[in-house]
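Undergrad: Just so it is clear, I am handing over query-v5.txt, which has compact mmCIF, C-alpha atoms.
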```
# COMPACT_ATOMS: atom_id res chain seq x y z
CA PHE C 1 4.94 30.20 8.31
CA MET C 2 5.70 27.38 10.75
CA GLY C 3 3.57 24.34 9.93
CA THR C 4 3.12 25.39 6.31
CA VAL C 5 4.57 23.07 3.68
CA VAL C 6 4.90 24.02 0.02
CA SER C 7 6.38 21.39 -2.26
CA ALA C 8 5.89 22.93 -5.72
CA GLY C 9 3.84 25.31 -7.80
CA SER C 10 2.35 28.70 -7.07
CA ALA C 11 -0.82 29.87 -5.38
CA THR C 12 -2.70 32.74 -3.76
CA ALA C 13 -3.07 32.02 -0.05
CA VAL C 14 -5.71 33.30 2.35
CA VAL C 15 -4.74 33.48 6.03
CA TYR C 16 -7.64 32.13 8.06
CA ALA C 17 -6.07 32.12 11.52
CA THR C 18 -2.68 32.61 13.13
CA GLY C 19 -0.98 31.73 16.41
CA LEU C 20 -3.11 30.09 19.07
CA ASN C 21 -6.23 30.63 16.96
CA ALA C 22 -4.96 28.06 14.46
CA GLN C 23 -5.13 24.33 15.14
CA PHE C 24 -1.39 23.96 14.62
CA GLY C 25 -0.76 26.73 17.16
CA ARG C 26 -3.05 25.15 19.74
CA ILE C 27 -1.25 21.81 19.36
CA ALA C 28 2.16 23.48 19.67
CA ALA C 29 1.05 25.41 22.76
CA GLY C 30 -0.32 22.24 24.34
CA LEU C 31 2.93 20.40 23.79
CA GLY C 32 4.87 23.32 25.21
CA GLU C 33 2.87 23.39 28.43
CA ARG C 34 3.32 19.74 29.32
CA GLN C 35 4.88 16.95 27.34
CA PRO C 36 2.91 13.69 27.25
CA GLU C 37 4.01 10.99 29.65
CA THR C 38 5.93 8.05 28.29
CA ASP C 39 5.12 4.48 29.33
CA PHE C 40 8.27 4.53 31.44
CA GLN C 41 7.11 7.60 33.35
CA VAL C 42 3.68 6.05 33.90
CA GLY C 43 5.26 2.86 35.27
CA LEU C 44 7.65 4.81 37.49
CA ARG C 45 4.79 6.89 38.87
CA ARG C 46 2.74 3.76 39.66
CA PHE C 47 5.74 2.19 41.36
CA SER C 48 6.21 5.34 43.45
CA TYR C 49 2.56 5.25 44.51
CA LEU C 50 2.99 1.59 45.49
CA LEU C 51 5.99 2.43 47.67
CA LEU C 52 4.02 5.30 49.22
CA TRP C 53 1.12 3.01 50.19
CA VAL C 54 3.52 0.42 51.57
CA ALA C 55 5.29 3.05 53.66
CA LEU C 56 2.02 4.49 54.99
CA THR C 57 0.63 1.04 55.78
CA LEU C 58 3.76 -0.08 57.62
CA THR C 59 3.96 3.21 59.51
CA VAL C 60 0.40 2.84 60.76
CA LEU C 61 0.83 -0.83 61.65
CA ILE C 62 4.09 -0.23 63.53
CA LEU C 63 2.63 2.74 65.37
CA VAL C 64 -0.42 0.72 66.46
CA ALA C 65 1.76 -2.22 67.50
CA ASN C 66 3.96 0.02 69.64
CA LEU C 67 0.95 1.62 71.29
CA LEU C 68 -0.52 -1.80 72.06
CA LEU C 69 2.78 -2.73 73.67
CA ARG C 70 2.43 0.37 75.87
CA ARG C 71 5.53 2.04 74.47
CA PRO C 72 5.78 5.83 74.90
CA VAL C 73 3.82 7.66 72.21
CA ILE C 74 6.76 9.81 71.15
CA ASP C 75 9.03 6.79 70.82
CA ALA C 76 6.35 4.91 68.86
CA VAL C 77 5.89 7.81 66.44
CA LEU C 78 9.62 8.32 65.94
CA PHE C 79 10.18 4.60 65.39
CA SER C 80 7.36 4.46 62.83
CA LEU C 81 8.74 7.46 60.94
CA ALA C 82 12.22 5.91 61.00
CA ILE C 83 10.86 2.73 59.42
CA ALA C 84 8.99 4.76 56.78
CA VAL C 85 12.13 6.72 55.92
CA GLY C 86 14.18 3.54 55.83
CA ILE C 87 12.02 1.82 53.22
CA THR C 88 11.82 4.92 50.99
CA PRO C 89 14.32 4.63 48.12
CA GLN C 90 15.82 8.12 48.30
CA LEU C 91 18.34 7.28 45.60
CA LEU C 92 15.70 6.06 43.12
CA PRO C 93 15.66 9.34 41.09
CA ALA C 94 19.45 9.39 41.00
CA VAL C 95 19.66 5.74 39.95
CA VAL C 96 17.08 6.25 37.19
CA SER C 97 18.76 9.41 35.89
CA THR C 98 22.19 7.75 35.94
CA SER C 99 20.91 4.70 34.08
CA LEU C 100 19.20 6.82 31.41
CA ALA C 101 22.27 9.04 31.07
CA THR C 102 24.39 5.94 30.50
CA GLY C 103 22.02 4.85 27.75
CA SER C 104 22.15 8.34 26.24
CA ARG C 105 25.96 8.20 26.14
CA ARG C 106 25.90 4.80 24.42
CA LEU C 107 23.42 6.08 21.84
CA ALA C 108 25.56 9.19 21.25
CA LYS C 109 28.44 6.91 20.27
CA LEU C 110 26.10 5.42 17.65
CA LYS C 111 25.32 8.95 16.37
CA VAL C 112 21.84 9.06 17.93
CA LEU C 113 20.92 12.31 19.67
CA VAL C 114 18.55 12.02 22.65
CA LYS C 115 16.61 15.15 23.63
CA ARG C 116 14.57 13.60 26.47
CA LEU C 117 16.22 10.97 28.65
CA VAL C 118 12.92 9.25 29.49
CA CYS C 119 12.44 8.42 25.80
CA ILE C 120 15.34 5.97 25.97
CA GLU C 121 13.22 3.46 27.86
CA ASP C 122 10.45 3.72 25.24
CA LEU C 123 13.03 3.17 22.52
CA GLY C 124 13.84 -0.18 24.06
CA ASP C 125 10.15 -1.01 24.46
CA ILE C 126 9.27 -0.90 20.74
CA ASP C 127 7.13 -3.75 19.41
CA VAL C 128 6.32 -2.36 15.95
CA LEU C 129 8.49 -0.03 13.87
CA ILE C 130 6.85 1.73 10.91
CA THR C 131 9.26 3.12 8.35
CA ASP C 132 9.02 4.75 4.95
CA LYS C 133 10.76 3.31 1.92
CA THR C 134 12.54 6.00 -0.06
CA GLY C 135 15.71 7.17 1.64
CA THR C 136 15.31 4.71 4.52
CA LEU C 137 15.20 1.26 2.97
CA THR C 138 16.65 2.67 -0.26
CA GLU C 139 19.51 5.02 -1.02
CA GLY C 140 17.15 7.90 -1.85
CA ARG C 141 19.06 8.63 -5.06
CA VAL C 142 16.64 8.27 -7.95
CA THR C 143 18.10 7.56 -11.40
CA LEU C 144 16.41 7.21 -14.75
CA ILE C 145 16.73 3.66 -16.09
CA GLU C 146 14.77 3.83 -19.33
CA ALA C 147 12.02 5.58 -21.25
CA VAL C 148 9.85 3.11 -23.15
CA ASP C 149 6.75 3.20 -25.32
CA PRO C 150 3.63 1.20 -24.38
CA GLY C 151 5.17 -1.87 -26.02
CA GLY C 152 8.28 -1.67 -23.86
CA GLN C 153 10.67 -0.42 -26.55
CA PRO C 154 13.10 2.46 -25.81
CA ASN C 155 11.71 5.72 -27.14
CA ASP C 156 13.29 9.19 -26.88
CA ALA C 157 9.94 10.82 -27.63
CA VAL C 158 8.65 9.60 -24.28
CA LEU C 159 11.67 11.07 -22.51
CA ARG C 160 11.28 14.37 -24.37
CA ALA C 161 7.63 14.63 -23.38
CA GLY C 162 8.61 13.85 -19.78
CA LEU C 163 11.21 16.63 -19.82
CA LEU C 164 8.66 19.12 -21.12
CA ALA C 165 6.24 18.17 -18.32
CA THR C 166 8.70 18.92 -15.51
CA ASP C 167 8.63 21.97 -13.26
CA VAL C 168 11.57 23.44 -15.17
CA ASP C 169 11.55 25.96 -18.00
CA PRO C 170 12.54 23.96 -21.12
CA ALA C 171 14.55 26.90 -22.43
CA VAL C 172 16.69 26.89 -19.30
CA GLY C 173 16.78 23.23 -18.33
CA GLY C 174 18.54 22.19 -15.18
CA THR C 175 17.41 20.38 -12.08
CA SER C 176 14.18 20.50 -10.15
CA ALA C 177 13.14 20.21 -6.53
CA THR C 178 11.30 17.01 -7.45
CA PRO C 179 13.69 14.01 -7.35
CA LEU C 180 12.04 12.32 -10.35
CA ASP C 181 12.23 15.50 -12.45
CA ALA C 182 15.83 16.04 -11.40
CA ALA C 183 16.65 12.49 -12.45
CA LEU C 184 15.22 13.22 -15.92
CA TRP C 185 17.34 16.30 -16.51
CA GLU C 186 20.49 14.81 -15.00
CA SER C 187 20.35 11.58 -16.99
CA ASP C 188 22.67 11.15 -19.97
CA ALA C 189 19.71 10.77 -22.31
CA GLY C 190 18.04 13.86 -20.88
CA ARG C 191 21.13 15.97 -21.42
CA ARG C 192 21.40 14.72 -24.97
CA LEU C 193 17.91 15.82 -26.01
CA ASP C 194 17.39 19.43 -27.11
CA VAL C 195 14.14 20.92 -25.80
CA SER C 196 15.22 24.56 -25.80
CA ALA C 197 12.89 25.36 -28.71
CA ALA C 198 9.83 24.50 -26.62
CA ARG C 199 8.05 27.16 -24.56
CA ARG C 200 5.93 26.44 -21.52
CA VAL C 201 2.64 28.33 -21.64
CA ALA C 202 1.04 27.11 -18.41
CA GLU C 203 1.39 24.39 -15.81
CA LEU C 204 -0.70 22.54 -13.24
CA PRO C 205 1.54 21.23 -10.43
CA PHE C 206 1.40 17.74 -8.98
CA ASP C 207 -1.03 17.08 -6.15
CA HIS C 208 -1.89 13.93 -4.20
CA THR C 209 -5.49 13.92 -5.38
CA ARG C 210 -4.75 13.84 -9.12
CA ARG C 211 -1.30 12.25 -8.61
CA ALA C 212 -0.23 13.93 -11.85
CA ALA C 213 1.36 17.11 -13.17
CA SER C 214 0.51 18.86 -16.44
CA SER C 215 2.24 21.33 -18.70
CA LEU C 216 0.88 23.28 -21.65
CA VAL C 217 3.77 23.53 -24.09
CA ASP C 218 4.24 25.39 -27.35
CA ASP C 219 6.68 23.22 -29.27
CA GLY C 220 7.51 24.51 -32.72
CA GLY C 221 4.16 26.26 -33.13
CA THR C 222 2.14 23.27 -31.91
CA ARG C 223 0.45 23.64 -28.56
CA THR C 224 0.26 20.39 -26.59
CA LEU C 225 -1.02 19.42 -23.17
CA ILE C 226 1.37 16.90 -21.57
CA VAL C 227 0.31 14.96 -18.47
CA LYS C 228 2.78 13.00 -16.36
CA GLY C 229 1.98 11.04 -13.23
CA ALA C 230 1.07 7.76 -11.55
CA PRO C 231 0.28 5.12 -14.19
CA GLU C 232 -3.05 4.17 -12.57
CA GLN C 233 -4.34 7.73 -12.89
CA VAL C 234 -2.87 8.58 -16.29
CA LEU C 235 -4.15 5.40 -17.95
CA GLN C 236 -7.68 6.25 -16.82
CA LEU C 237 -7.40 9.54 -18.74
CA CYS C 238 -6.53 7.74 -22.00
CA PRO C 239 -9.60 6.49 -23.95
CA ALA C 240 -7.55 3.97 -25.93
CA VAL C 241 -4.69 2.17 -24.21
CA PRO C 242 -2.59 -0.34 -26.20
CA ASP C 243 -2.97 -3.93 -25.03
CA ALA C 244 0.77 -4.24 -24.44
CA ALA C 245 0.84 -1.27 -22.04
CA GLN C 246 -0.32 -3.23 -19.01
CA ASP C 247 2.21 -6.00 -19.66
CA THR C 248 4.98 -3.41 -19.91
CA LEU C 249 3.81 -1.77 -16.72
CA ASP C 250 3.69 -5.09 -14.86
CA ARG C 251 7.22 -5.91 -16.00
CA LEU C 252 8.58 -2.58 -14.77
CA PHE C 253 6.83 -2.93 -11.41
CA ALA C 254 8.09 -6.50 -11.06
CA ASP C 255 11.62 -5.16 -11.55
CA GLY C 256 11.05 -2.78 -8.66
CA ARG C 257 11.02 0.34 -10.83
CA ARG C 258 9.28 3.56 -9.92
CA VAL C 259 7.17 4.25 -12.98
CA VAL C 260 5.73 7.49 -14.33
CA ALA C 261 3.30 7.43 -17.25
CA VAL C 262 3.40 10.19 -19.88
CA ALA C 263 0.45 11.13 -22.11
CA SER C 264 -0.61 14.14 -24.16
CA ARG C 265 -3.20 15.63 -26.48
CA PRO C 266 -3.33 18.61 -28.89
CA ALA C 267 -4.50 21.75 -27.09
CA ALA C 268 -4.50 24.59 -29.59
CA ASP C 269 -7.39 26.34 -27.82
CA LEU C 270 -5.96 26.29 -24.28
CA THR C 271 -4.17 29.15 -22.56
CA ALA C 272 -4.43 27.78 -19.02
CA ILE C 273 -4.85 24.33 -17.46
CA THR C 274 -7.41 22.88 -15.08
CA ALA C 275 -7.89 19.30 -13.92
CA ALA C 276 -10.89 19.04 -16.26
CA ASP C 277 -8.57 19.52 -19.24
CA GLU C 278 -6.70 16.31 -18.42
CA THR C 279 -8.86 14.07 -20.57
CA GLY C 280 -8.84 12.44 -23.99
CA LEU C 281 -5.10 11.76 -23.77
CA THR C 282 -2.88 9.55 -25.88
CA LEU C 283 -0.38 7.43 -23.98
CA HIS C 284 3.24 8.05 -24.98
CA GLY C 285 4.84 5.50 -22.70
CA PHE C 286 6.55 5.10 -19.34
CA LEU C 287 9.55 6.53 -17.54
CA ALA C 288 11.22 3.95 -15.29
CA PHE C 289 13.36 5.02 -12.35
CA ALA C 290 15.44 3.05 -9.86
CA ASP C 291 16.27 3.67 -6.22
CA GLN C 292 18.63 0.97 -5.02
CA PRO C 293 18.19 -0.62 -1.54
CA LYS C 294 20.77 0.30 1.08
CA LEU C 295 23.38 -2.33 1.71
CA ALA C 296 23.10 -2.06 5.50
CA VAL C 297 19.30 -2.50 5.61
CA ARG C 298 19.34 -6.30 5.58
CA ASP C 299 21.57 -6.45 8.67
CA SER C 300 19.47 -3.81 10.45
CA LEU C 301 16.28 -5.76 9.77
CA ALA C 302 17.90 -8.94 11.06
CA GLN C 303 18.88 -7.18 14.30
CA LEU C 304 15.35 -5.80 14.72
CA ALA C 305 13.89 -9.27 14.18
CA ALA C 306 16.25 -10.69 16.80
CA LEU C 307 14.95 -8.08 19.24
CA GLY C 308 11.36 -9.08 18.53
CA ILE C 309 10.51 -5.85 16.69
CA GLU C 310 8.13 -6.13 13.75
CA VAL C 311 8.84 -3.76 10.84
CA LYS C 312 6.11 -2.32 8.64
CA VAL C 313 6.55 -0.11 5.56
CA ALA C 314 4.36 2.89 4.68
CA THR C 315 5.09 4.42 1.29
CA GLY C 316 3.47 6.49 -1.40
CA ASP C 317 4.91 4.21 -4.08
CA ASN C 318 3.24 1.41 -6.03
CA PRO C 319 2.51 -1.74 -3.96
CA GLN C 320 4.42 -4.02 -6.34
CA VAL C 321 7.49 -1.78 -6.14
CA ALA C 322 7.28 -1.68 -2.34
CA GLU C 323 6.98 -5.48 -2.17
CA LYS C 324 9.97 -5.89 -4.50
CA VAL C 325 12.12 -3.60 -2.33
CA CYS C 326 11.03 -5.47 0.80
CA ALA C 327 11.96 -8.78 -0.83
CA ASP C 328 15.35 -7.39 -1.87
CA VAL C 329 16.19 -6.32 1.69
CA GLY C 330 14.88 -9.53 3.27
CA LEU C 331 11.68 -8.19 4.81
CA ALA C 332 8.99 -10.85 4.51
CA SER C 333 5.57 -9.39 3.73
CA LYS C 334 2.50 -10.78 5.52
CA GLY C 335 0.11 -8.62 3.52
CA THR C 336 -0.16 -5.46 1.44
CA PHE C 337 -2.79 -2.74 1.62
CA THR C 338 -3.21 0.43 -0.40
CA GLY C 339 -4.48 3.76 0.84
CA ALA C 340 -7.68 3.34 -1.18
CA GLN C 341 -8.36 -0.03 0.48
CA LEU C 342 -7.79 1.40 3.96
CA ASP C 343 -10.18 4.29 3.30
CA GLU C 344 -13.03 1.82 2.76
CA LEU C 345 -12.52 0.03 6.12
CA ASP C 346 -14.31 0.74 9.38
CA ASP C 347 -12.35 1.18 12.62
CA ALA C 348 -12.34 -2.52 13.53
CA ALA C 349 -11.29 -3.65 10.05
CA PHE C 350 -8.69 -0.90 9.88
CA ALA C 351 -7.15 -2.05 13.17
CA ALA C 352 -7.08 -5.63 11.89
CA ALA C 353 -5.41 -4.55 8.64
CA ALA C 354 -2.84 -2.48 10.52
CA GLN C 355 -2.06 -5.52 12.66
CA SER C 356 -1.83 -8.06 9.85
CA GLY C 357 -0.31 -5.99 7.04
CA THR C 358 3.37 -5.37 6.41
CA VAL C 359 3.32 -3.05 3.37
CA PHE C 360 1.04 -0.02 3.12
CA ALA C 361 1.37 1.52 -0.33
CA ARG C 362 -0.02 4.61 -2.04
CA ILE C 363 -0.20 6.30 1.35
CA CYS C 364 0.00 10.08 1.51
CA LEU C 365 2.71 10.68 4.13
```
Could you spell out this file's structure in structure tokens?
TA:
Amino acid sequence: FMGTVVSAGSATAVVYATGLNAQFGRIAAGLGERQPETDFQVGLRRFSYLLLWVALTLTVLILVANLLLRRPVIDAVLFSLAIAVGITPQLLPAVVSTSLATGSRRLAKLKVLVKRLVCIEDLGDIDVLITDKTGTLTEGRVTLIEAVDPGGQPNDAVLRAGLLATDVDPAVGGTSATPLDAALWESDAGRRLDVSAARRVAELPFDHTRRAASSLVDDGGTRTLIVKGAPEQVLQLCPAVPDAAQDTLDRLFADGRRVVAVASRPAADLTAITAADETGLTLHGFLAFADQPKLAVRDSLAQLAALGIEVKVATGDNPQVAEKVCADVGLASKGTFTGAQLDELDDAAFAAAAQSGTVFARICL
């Protein structure tokens, strides 16, 4: 199943093609036959061709000059070949390999493993470095900060609904493969709440199109559809949203929180869930999570700036959260674009946005 990625949920899969008949297999086979040339290899090859032309030109000129001077033909040929051999840098491959090996040893001391020596030169030739946010600029350890209602007041009902909408059986509890879900169950407030009486009837896992996950839960004889996901999507599914909800959401984003909205509706007639059922919801509130920036990031960014390397951030998180993290680590933003905005651009505009922007948010990585 190489090349297949399953993050959550269950499905029935149909195998369309395998091996070299699949696109992934053709790409893998192509890379295995011949690895693409690096800029360093291209430059070295051009330099070698230049030396070859110089050697051939000098050989011909010296041979002609010797013949014009009425030197013996054999002596003229041997002298020309001697000159050609003399200007050929026989030790060039050894010098290049030794230099790259030295760089590899220095990188190994910094805990960087180099698989191809020629890539070292490209590493030092970087102009733009694109990085993700979670786990790179931040610690990658998500913790629940608060569960609030639309007005911004702490509310355990919001947390309880969020727990019921996770990819974990409420009767069992525990952690989940999803960091946000795991943070819910591992929080002090999450451990305090008792959801063992609830029974999950059906679920619809998270996907990047809906950007939400749903659970059909039987809680004390009442069947409820609970939807949890990106605030932008969930709010669109709620016919009536309290006026204070947007202010609360803006405050959480301004604090750099990762925010998940939770909403629900009665669903006594449902036994399974489809995306069409996620409608007519009532907003419960928001779950706010934190992922603290790494302490060493600011120094790393300063070193990259000193080397003339521009850093850009591509993340699936909210643009305000990404900008807040960038500000916290000292990365000045020249512009922010979302995935939806980039989808609407033509090739020329896309290239201009990629050049001018610093933060690219809501990107499916």
Undergrad: Report as a PyMOL selection string all protein, DNA and RNA residues lying within 9 Å of C:Val64, evaluated on all atoms listed in the file, omitting residues in the same chain fewer than 5 positions from it.
TA: chain C and resi 59+69+76
Undergrad: When you draw a straight line from atom CA of C:Ile27 to atom CA of C:Asp39, how long is it in Å?
TA: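 Interatomic distance here is 21.0 Å.
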Undergrad: Find, counting all atoms listed in the file, the residue in C:Leu287, C:Ala353, C:Val359, C:Ala302 that gets nearest to C:Gln153.
TA: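 So, comparing all the options, the nearest one is C:Leu287.
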Undergrad: Using all atoms listed in the file, find all polymer residues with an atom at most 6 Å away from the point (1.1, 24.9, 15.1); report them as a VMD selection string.
TA: chain C and resid 3 24 to 25 27 to 28
Undergrad: Could you write those residues out with C-alpha atoms, as a compact mmCIF listing (two decimals), keeping the file's coordinate frame?
TA:
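Saved as result16.txt:
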```
# COMPACT_ATOMS: atom_id res chain seq x y z
CA GLY C 3 3.57 24.34 9.93
CA PHE C 24 -1.39 23.96 14.62
CA GLY C 25 -0.76 26.73 17.16
CA ILE C 27 -1.25 21.81 19.36
CA ALA C 28 2.16 23.48 19.67
```
Undergrad: Near stretch 238-252 of chain C, within 8 Å and counting all atoms listed in the file, which residues show up once chain neighbours fewer than 2 positions away are dropped, as a PyMOL selection string?
TA: chain C and resi 150-152+234-236+254-259+263+279-283+285-286+288
Undergrad: Would you export the selected residues with C-alpha atoms as a PDB file, in the frame of the given file, please?
TA:
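Full text of again09.pdb as output:
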```
ATOM      1  CA  PRO C 150       3.630   1.200 -24.380  1.00  0.00           C
ATOM      2  CA  GLY C 151       5.170  -1.870 -26.020  1.00  0.00           C
ATOM      3  CA  GLY C 152       8.280  -1.670 -23.860  1.00  0.00           C
ATOM      4  CA  VAL C 234      -2.870   8.580 -16.290  1.00  0.00           C
ATOM      5  CA  LEU C 235      -4.150   5.400 -17.950  1.00  0.00           C
ATOM      6  CA  GLN C 236      -7.680   6.250 -16.820  1.00  0.00           C
ATOM      7  CA  ALA C 254       8.090  -6.500 -11.060  1.00  0.00           C
ATOM      8  CA  ASP C 255      11.620  -5.160 -11.550  1.00  0.00           C
ATOM      9  CA  GLY C 256      11.050  -2.780  -8.660  1.00  0.00           C
ATOM     10  CA  ARG C 257      11.020   0.340 -10.830  1.00  0.00           C
ATOM     11  CA  ARG C 258       9.280   3.560  -9.920  1.00  0.00           C
ATOM     12  CA  VAL C 259       7.170   4.250 -12.980  1.00  0.00           C
ATOM     13  CA  ALA C 263       0.450  11.130 -22.110  1.00  0.00           C
ATOM     14  CA  THR C 279      -8.860  14.070 -20.570  1.00  0.00           C
ATOM     15  CA  GLY C 280      -8.840  12.440 -23.990  1.00  0.00           C
ATOM     16  CA  LEU C 281      -5.100  11.760 -23.770  1.00  0.00           C
ATOM     17  CA  THR C 282      -2.880   9.550 -25.880  1.00  0.00           C
ATOM     18  CA  LEU C 283      -0.380   7.430 -23.980  1.00  0.00           C
ATOM     19  CA  GLY C 285       4.840   5.500 -22.700  1.00  0.00           C
ATOM     20  CA  PHE C 286       6.550   5.100 -19.340  1.00  0.00           C
ATOM     21  CA  ALA C 288      11.220   3.950 -15.290  1.00  0.00           C
TER      22      ALA C 288
END
```
Undergrad: Within 12 Å of C:Ala82, counting only C-alpha atoms, which residues show up once you throw out same-chain ones fewer than 5 positions away? Write them as a ChimeraX atom specification, please.
TA: /C:55-56,58-59,62-63,75-77,87-88
Undergrad: Edge lengths and centre in Å to one decimal, as JSON, is what I'm after for the box along x, y and z that holds all listed atoms of stretch 131-134 of chain C once 8 Å is added on each side.
TA:
```
{"center_x": 10.8, "center_y": 4.6, "center_z": 4.1, "size_x": 19.5, "size_y": 18.9, "size_z": 24.4}
```
Undergrad: Of the residues C:Val6, C:Leu51, C:Ile226, C:Val313, which is the one nearest to C:His284, using only C-alpha atoms?
TA: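 Distance minimum relative to C:His284 lands on C:Ile226.
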Undergrad: From the options C:Ala213, C:Pro231, C:Phe337, C:Asp299, which residue's atoms come nearest to C:Ile273, counting all atoms listed in the file?
TA: C:Ala213
Undergrad: Between atom CA of C:Val112 and atom CA of C:Ile363, what is the distance in Å, rounded to a tenth?
TA: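 Those two atoms sit 27.7 Å apart.
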Undergrad: Tell me, in Å to one decimal, how far atom CA of C:Ala261 is from atom CA of C:Ala276.
TA: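 Separation between atom CA of C:Ala261 and atom CA of C:Ala276: 18.4 Å.
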Undergrad: May I have the residues within 12 Å of stretch 45-47 of chain C as a short mmCIF file (atom, residue, chain, number, x, y, z; two decimals) with C-alpha atoms, keeping the file's coordinate frame, using only C-alpha atoms and disregarding those fewer than 6 positions away in the same chain?
TA:
```cif
data_model
loop_
_atom_site.label_atom_id
_atom_site.label_comp_id
_atom_site.auth_asym_id
_atom_site.auth_seq_id
_atom_site.Cartn_x
_atom_site.Cartn_y
_atom_site.Cartn_z
CA GLU C 37 4.01 10.99 29.65
CA THR C 38 5.93 8.05 28.29
CA ASP C 39 5.12 4.48 29.33
CA TRP C 53 1.12 3.01 50.19
CA VAL C 54 3.52 0.42 51.57
CA THR C 88 11.82 4.92 50.99
CA PRO C 89 14.32 4.63 48.12
CA LEU C 92 15.70 6.06 43.12
CA PRO C 93 15.66 9.34 41.09
#
```
Undergrad: List the spatial neighbours of C:Asp218 as a PyMOL selection string - criterion: any atom at most 8 Å away, all atoms listed in the file, same-chain residues fewer than 4 positions off excluded.
TA: chain C and resi 198-201+222-224
Undergrad: Export, as a PDB file, keeping the file's coordinate frame, the selected residues with C-alpha atoms.
TA:
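part.pdb written:
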```pdb
ATOM      1  CA  ALA C 198       9.830  24.500 -26.620  1.00  0.00           C
ATOM      2  CA  ARG C 199       8.050  27.160 -24.560  1.00  0.00           C
ATOM      3  CA  ARG C 200       5.930  26.440 -21.520  1.00  0.00           C
ATOM      4  CA  VAL C 201       2.640  28.330 -21.640  1.00  0.00           C
ATOM      5  CA  THR C 222       2.140  23.270 -31.910  1.00  0.00           C
ATOM      6  CA  ARG C 223       0.450  23.640 -28.560  1.00  0.00           C
ATOM      7  CA  THR C 224       0.260  20.390 -26.590  1.00  0.00           C
TER       8      THR C 224
END
```
Undergrad: Which residue is closest to C:Ala101? Choose from C:Asp181, C:Leu113, C:Ala65, C:Ile309 and count all atoms listed in the file.
TA: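 Nearest to C:Ala101: C:Leu113.
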Undergrad: Nearest to C:Glu203 among C:Gly86, C:Asn318, C:Gly140, C:Leu270, with distances taken over all atoms listed in the file: which residue is it?
TA: C:Leu270
